[in-house]
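Notes to accompany the following structure.
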Amino acid sequence: MMQVIIGADKDGTQMKDMIHDYLKGKGLEVVDTTGTESLDFIDSTVRVVNKIRENEEAFGILFDRYGAGSFMAATKHEGIIAAEVSDERSAYMTREHNNARIITVGSGIVGPDLAKNIVDAFLTSHYEGGRHQIRVDMLNKMF
């Protein structure tokens with residue numbers, strides 16, 4: 001069963017809770033690393049990254065007001081490829097071409113229906129490998 005690790009800062013908590021229920025309703029294993037705590041985006045990101053490192057098959061989704069803060073914090077961690085997304089196509093393509101394991105979503109940018117569509121696109125896409133592996137290797141060598 002696919003494991004999805006989620007987290008949020010105080011501005012992303014409401015959307016995170018909605019997505020938590022949505023994913024549980026689809027029968028996915030959801031690990032909420034922030035619960036009801038009011039965290040800074042850096043702290044919530046560190047929790048998701050640490051859990052991602054424990055399970056190479058897991059995917060992470062972070063929520064904050066604009067998605068940018070969590071994205072910046074996630075990419076500071078070696079071996080983590082993350083993308084800030086606000087549409088379905090970007091969510092899909094970042095998995096397919098970049099093998100991203102984490103996406104960040106801005107609760108102040110996307111509404112509930114679009115957030116569900118973004119999450120679905122990310123979680124149902126598959127990494128293509130092949131010619132894209134060259135860039136993934138380059139990203140991973142940047143540290």
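Chains: A, B, ... in order of the structure tokens. Residues: from 1 per chain. Ligands: from 1, in order shown.
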All residues 6 Å or closer to region 101-107 of chain A, only C-alpha atoms, same chain fewer than 3 positions away omitted, as a PyMOL selection string = chain A and resi 12+59-67+71+82-85+110
Let's have the selection written as a tab-separated table (two decimals), in the first residue's frame, with all heavy atoms.
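Final output, again_19.tsv:
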```tsv
chain	number	residue	atom	x	y	z
A	12	GLY	N	-1.31	26.05	6.47
A	12	GLY	CA	-1.69	24.94	5.61
A	12	GLY	C	-2.45	23.84	6.32
A	12	GLY	O	-2.87	22.86	5.68
A	59	PHE	N	5.67	8.94	-0.48
A	59	PHE	CA	5.63	10.26	-1.10
A	59	PHE	C	5.20	11.27	-0.05
A	59	PHE	O	4.45	10.94	0.87
A	59	PHE	CB	4.65	10.28	-2.28
A	59	PHE	CG	5.09	9.38	-3.39
A	59	PHE	CD1	4.57	8.11	-3.53
A	59	PHE	CD2	6.06	9.81	-4.28
A	59	PHE	CE1	4.99	7.28	-4.54
A	59	PHE	CE2	6.49	8.97	-5.30
A	59	PHE	CZ	5.96	7.70	-5.42
A	60	GLY	N	5.65	12.52	-0.21
A	60	GLY	CA	5.33	13.55	0.75
A	60	GLY	C	4.57	14.70	0.12
A	60	GLY	O	4.80	15.04	-1.04
A	61	ILE	N	3.68	15.28	0.92
A	61	ILE	CA	2.94	16.46	0.50
A	61	ILE	C	2.97	17.46	1.66
A	61	ILE	O	2.59	17.12	2.78
A	61	ILE	CB	1.49	16.12	0.12
A	61	ILE	CG1	1.45	15.02	-0.94
A	61	ILE	CG2	0.76	17.38	-0.37
A	61	ILE	CD1	0.08	14.45	-1.21
A	62	LEU	N	3.42	18.65	1.36
A	62	LEU	CA	3.51	19.72	2.35
A	62	LEU	C	2.59	20.87	1.97
A	62	LEU	O	2.45	21.20	0.79
A	62	LEU	CB	4.95	20.23	2.43
A	62	LEU	CG	5.91	19.31	3.16
A	62	LEU	CD1	7.34	19.53	2.71
A	62	LEU	CD2	5.77	19.52	4.65
A	63	PHE	N	1.99	21.46	2.99
A	63	PHE	CA	1.08	22.58	2.79
A	63	PHE	C	1.54	23.77	3.62
A	63	PHE	O	1.81	23.64	4.81
A	63	PHE	CB	-0.34	22.19	3.20
A	63	PHE	CG	-0.88	21.00	2.46
A	63	PHE	CD1	-0.72	19.72	2.96
A	63	PHE	CD2	-1.53	21.17	1.24
A	63	PHE	CE1	-1.20	18.62	2.27
A	63	PHE	CE2	-2.02	20.09	0.55
A	63	PHE	CZ	-1.85	18.80	1.06
A	64	ASP	N	1.62	24.91	2.98
A	64	ASP	CA	1.79	26.19	3.68
A	64	ASP	C	0.99	27.22	2.89
A	64	ASP	O	0.25	26.86	1.99
A	64	ASP	CB	3.27	26.55	3.88
A	64	ASP	CG	4.04	26.78	2.58
A	64	ASP	OD1	3.45	27.24	1.57
A	64	ASP	OD2	5.25	26.52	2.56
A	65	ARG	N	1.11	28.46	3.21
A	65	ARG	CA	0.26	29.48	2.57
A	65	ARG	C	0.47	29.57	1.06
A	65	ARG	O	-0.47	29.66	0.29
A	65	ARG	CB	0.50	30.83	3.21
A	65	ARG	CG	-0.40	31.90	2.64
A	65	ARG	CD	-1.07	32.64	3.73
A	65	ARG	NE	-2.02	33.58	3.24
A	65	ARG	CZ	-3.33	33.45	3.46
A	65	ARG	NH1	-3.78	32.43	4.15
A	65	ARG	NH2	-4.16	34.35	3.03
A	66	TYR	N	1.75	29.58	0.63
A	66	TYR	CA	2.04	29.76	-0.79
A	66	TYR	C	2.77	28.57	-1.42
A	66	TYR	O	2.95	28.56	-2.63
A	66	TYR	CB	2.84	31.04	-1.02
A	66	TYR	CG	2.11	32.25	-0.51
A	66	TYR	CD1	2.53	32.93	0.62
A	66	TYR	CD2	0.95	32.69	-1.14
A	66	TYR	CE1	1.82	34.01	1.11
A	66	TYR	CE2	0.24	33.78	-0.66
A	66	TYR	CZ	0.68	34.43	0.47
A	66	TYR	OH	-0.02	35.50	0.96
A	67	GLY	N	3.21	27.63	-0.62
A	67	GLY	CA	3.95	26.48	-1.13
A	67	GLY	C	5.44	26.74	-1.27
A	67	GLY	O	6.24	25.81	-1.30
A	71	PHE	N	8.80	24.36	-0.05
A	71	PHE	CA	9.64	23.95	-1.18
A	71	PHE	C	11.10	24.29	-0.92
A	71	PHE	O	12.00	23.46	-1.08
A	71	PHE	CB	9.16	24.61	-2.48
A	71	PHE	CG	10.16	24.51	-3.59
A	71	PHE	CD1	10.35	23.31	-4.26
A	71	PHE	CD2	10.92	25.61	-3.96
A	71	PHE	CE1	11.28	23.20	-5.28
A	71	PHE	CE2	11.85	25.52	-4.97
A	71	PHE	CZ	12.04	24.31	-5.63
A	82	ALA	N	12.01	17.94	-4.69
A	82	ALA	CA	10.67	18.45	-4.38
A	82	ALA	C	10.27	19.47	-5.43
A	82	ALA	O	11.12	20.03	-6.13
A	82	ALA	CB	10.66	19.11	-2.99
A	83	ALA	N	8.97	19.69	-5.53
A	83	ALA	CA	8.46	20.68	-6.48
A	83	ALA	C	7.29	21.42	-5.85
A	83	ALA	O	6.45	20.83	-5.18
A	83	ALA	CB	8.01	20.01	-7.77
A	84	GLU	N	7.28	22.72	-6.06
A	84	GLU	CA	6.14	23.55	-5.67
A	84	GLU	C	5.15	23.51	-6.82
A	84	GLU	O	5.51	23.83	-7.96
A	84	GLU	CB	6.62	24.98	-5.43
A	84	GLU	CG	5.53	25.95	-5.11
A	84	GLU	CD	6.04	27.39	-5.05
A	84	GLU	OE1	7.26	27.61	-5.04
A	84	GLU	OE2	5.19	28.28	-5.04
A	85	VAL	N	3.92	23.08	-6.56
A	85	VAL	CA	2.96	22.94	-7.65
A	85	VAL	C	1.63	23.62	-7.31
A	85	VAL	O	1.23	23.67	-6.16
A	85	VAL	CB	2.71	21.46	-8.02
A	85	VAL	CG1	3.97	20.81	-8.55
A	85	VAL	CG2	2.18	20.67	-6.85
A	110	VAL	N	-4.40	27.58	-4.08
A	110	VAL	CA	-5.31	26.61	-4.69
A	110	VAL	C	-6.48	26.32	-3.75
A	110	VAL	O	-6.33	26.36	-2.53
A	110	VAL	CB	-4.61	25.29	-5.08
A	110	VAL	CG1	-3.44	25.55	-6.01
A	110	VAL	CG2	-4.14	24.52	-3.86
```
Closest pair table for region 42-107 of chain A residues within 7 Å of region 112-124 of chain A, only C-alpha atoms, as JSON lines:
```
{"residue": "A:Asp87", "atom": "CA", "partner": "A:Ile118", "partner_atom": "CA", "distance": 6.0}
{"residue": "A:Glu88", "atom": "CA", "partner": "A:Ile118", "partner_atom": "CA", "distance": 4.5}
{"residue": "A:Ala91", "atom": "CA", "partner": "A:Phe122", "partner_atom": "CA", "distance": 4.8}
{"residue": "A:Tyr92", "atom": "CA", "partner": "A:Phe122", "partner_atom": "CA", "distance": 4.9}
{"residue": "A:Arg95", "atom": "CA", "partner": "A:Phe122", "partner_atom": "CA", "distance": 6.5}
```
Sel. of alpha helix (DSSP H) residues, chain A, as a VMD selection string = chain A and resid 13 to 25 41 to 54 68 to 74 88 to 98 112 to 124 132 to 140
By how many Å are CA of Ala68 (chain A) and CA of Val4 (chain A) apart?
-> 20.1 Å
Select from chain A everything DSSP, run on the backbone, classes as strand (DSSP E), then give the selection as a PyMOL selection string.
-> chain A and resi 3-8+29-32+59-64+82-84+102-106
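Distance check against Asp21 (chain A) using only C-alpha atoms: of A:Ile42, A:Ile6, A:Ile109, A:Thr34, the minimum falls on A:Ile6.
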Could you tell me how far CA of Gly7 (chain A) lies from CA of His97 (chain A), in Å and to one decimal?
->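 The value is 24.1 Å.
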Which residues come within 8 Å of Leu39 (chain A), counting only C-alpha atoms, excluding same-chain residues fewer than 2 positions away, as a VMD selection string?
-> chain A and resid 8 to 10 34 37 41 43 to 44
